[in-house]
Amino acid sequence: MREVVLQIPSFEAEQNIDIDVKINGKKRTMHYRVEIIEWEDYDGESSDKVEVLKRVIKEHDKDWQLVQIGIPTDKNIPIMFRKKMEKLQGGYKKSKSCLEII
């Protein structure tokens, strides 16, 4: 099993989530970002919501990887990203607060 699901109570326009976990006795800090994409912010650019979503994901900070696309409403859609990890020989390197092994 590679995933654990946590319920986040409410979403704001942008929400940063830091989770500390222990895996095989090693403490790790995972960093997530939830962004709410408002359809009305893209009214003049495209009426196709799929195209808007593709553009937002393509133009997003490359240090973050897409984790989940939430359920869209008529007004918005939540998107979750996770900070990418830099893997080094023998473990992980802390990359701009992405992952720590203690």
# chains A, B, ... in the order shown; residues from 1 in each chain; ligands from 1
call {"tool": "residues_around", "arguments": {"residues": "stretch 72-80 of chain A", "least_positions_apart": "3", "cutoff": "7 Å", "atoms": "only C-alpha atoms", "output": "list in words"}}
result
Tyr32, Arg33, Val34, Glu35, Ile36, Ile37, Glu38, Trp39, Leu66, Val67, Gln68 and Ile69 of chain A
call {"tool": "write_last_selection", "arguments": {"atoms": "C-alpha atoms", "output": "compact mmCIF listing (two decimals), in the first residue's frame"}}
result
# COMPACT_ATOMS: atom_id res chain seq x y z
CA TYR A 32 1.00 19.28 -0.30
CA ARG A 33 -0.78 22.22 -1.86
CA VAL A 34 -4.50 22.38 -2.66
CA GLU A 35 -5.54 25.02 -5.15
CA ILE A 36 -9.09 25.93 -6.09
CA ILE A 37 -9.36 26.90 -9.75
CA GLU A 38 -12.24 29.32 -10.33
CA TRP A 39 -13.80 28.83 -13.78
CA LEU A 66 -0.11 16.61 -9.66
CA VAL A 67 -1.63 14.21 -7.11
CA GLN A 68 -5.38 14.57 -7.50
CA ILE A 69 -8.05 16.46 -9.39
call {"tool": "closest_residue", "arguments": {"among": "A:His60, A:Lys27, A:Arg82, A:Arg55", "to": "A:Gln15", "atoms": "only C-alpha atoms"}}
result
A:Arg82
call {"tool": "closest_residue", "arguments": {"among": "A:Glu51, A:Lys83, A:Asp61, A:Asp41", "to": "A:Asp18", "atoms": "only C-alpha atoms"}}
result
A:Lys83
call {"tool": "decode", "arguments": {"residues": "stretch 24-40 of chain A", "atoms": "N, CA and C atoms", "output": "PDB file, in the first residue's frame"}}
result
ATOM      1  N   ASN A  24       8.917   3.018   8.622  1.00  0.00           N
ATOM      2  CA  ASN A  24      10.033   2.177   9.058  1.00  0.00           C
ATOM      3  C   ASN A  24      10.933   2.893  10.053  1.00  0.00           C
ATOM      4  N   GLY A  25      10.312   3.642  10.959  1.00  0.00           N
ATOM      5  CA  GLY A  25      11.045   4.330  12.015  1.00  0.00           C
ATOM      6  C   GLY A  25      11.680   5.645  11.614  1.00  0.00           C
ATOM      7  N   LYS A  26      11.560   6.039  10.352  1.00  0.00           N
ATOM      8  CA  LYS A  26      12.148   7.294   9.891  1.00  0.00           C
ATOM      9  C   LYS A  26      11.055   8.335   9.706  1.00  0.00           C
ATOM     10  N   LYS A  27      11.270   9.503  10.306  1.00  0.00           N
ATOM     11  CA  LYS A  27      10.287  10.575  10.213  1.00  0.00           C
ATOM     12  C   LYS A  27      10.441  11.295   8.872  1.00  0.00           C
ATOM     13  N   ARG A  28       9.315  11.512   8.204  1.00  0.00           N
ATOM     14  CA  ARG A  28       9.305  12.224   6.929  1.00  0.00           C
ATOM     15  C   ARG A  28       8.248  13.312   6.974  1.00  0.00           C
ATOM     16  N   THR A  29       8.548  14.421   6.361  1.00  0.00           N
ATOM     17  CA  THR A  29       7.578  15.507   6.237  1.00  0.00           C
ATOM     18  C   THR A  29       7.216  15.640   4.765  1.00  0.00           C
ATOM     19  N   MET A  30       5.945  15.485   4.467  1.00  0.00           N
ATOM     20  CA  MET A  30       5.448  15.592   3.097  1.00  0.00           C
ATOM     21  C   MET A  30       4.702  16.924   2.984  1.00  0.00           C
ATOM     22  N   HIS A  31       4.870  17.591   1.862  1.00  0.00           N
ATOM     23  CA  HIS A  31       4.251  18.894   1.648  1.00  0.00           C
ATOM     24  C   HIS A  31       3.284  18.815   0.473  1.00  0.00           C
ATOM     25  N   TYR A  32       2.050  19.288   0.708  1.00  0.00           N
ATOM     26  CA  TYR A  32       0.998  19.277  -0.301  1.00  0.00           C
ATOM     27  C   TYR A  32       0.441  20.685  -0.448  1.00  0.00           C
ATOM     28  N   ARG A  33      -0.123  20.938  -1.608  1.00  0.00           N
ATOM     29  CA  ARG A  33      -0.783  22.216  -1.861  1.00  0.00           C
ATOM     30  C   ARG A  33      -2.110  21.926  -2.556  1.00  0.00           C
ATOM     31  N   VAL A  34      -3.183  22.490  -2.023  1.00  0.00           N
ATOM     32  CA  VAL A  34      -4.496  22.378  -2.658  1.00  0.00           C
ATOM     33  C   VAL A  34      -4.839  23.750  -3.221  1.00  0.00           C
ATOM     34  N   GLU A  35      -5.150  23.776  -4.498  1.00  0.00           N
ATOM     35  CA  GLU A  35      -5.543  25.021  -5.149  1.00  0.00           C
ATOM     36  C   GLU A  35      -6.947  24.867  -5.707  1.00  0.00           C
ATOM     37  N   ILE A  36      -7.743  25.911  -5.541  1.00  0.00           N
ATOM     38  CA  ILE A  36      -9.093  25.929  -6.087  1.00  0.00           C
ATOM     39  C   ILE A  36      -9.060  26.787  -7.348  1.00  0.00           C
ATOM     40  N   ILE A  37      -9.354  26.184  -8.480  1.00  0.00           N
ATOM     41  CA  ILE A  37      -9.363  26.896  -9.754  1.00  0.00           C
ATOM     42  C   ILE A  37     -10.787  27.386 -10.016  1.00  0.00           C
ATOM     43  N   GLU A  38     -10.933  28.702 -10.075  1.00  0.00           N
ATOM     44  CA  GLU A  38     -12.242  29.316 -10.331  1.00  0.00           C
ATOM     45  C   GLU A  38     -12.446  29.423 -11.836  1.00  0.00           C
ATOM     46  N   TRP A  39     -13.530  28.822 -12.345  1.00  0.00           N
ATOM     47  CA  TRP A  39     -13.797  28.834 -13.783  1.00  0.00           C
ATOM     48  C   TRP A  39     -13.932  30.259 -14.304  1.00  0.00           C
ATOM     49  N   GLU A  40     -14.541  31.145 -13.534  1.00  0.00           N
ATOM     50  CA  GLU A  40     -14.784  32.508 -14.008  1.00  0.00           C
ATOM     51  C   GLU A  40     -13.476  33.276 -14.264  1.00  0.00           C
TER      52      GLU A  40
END
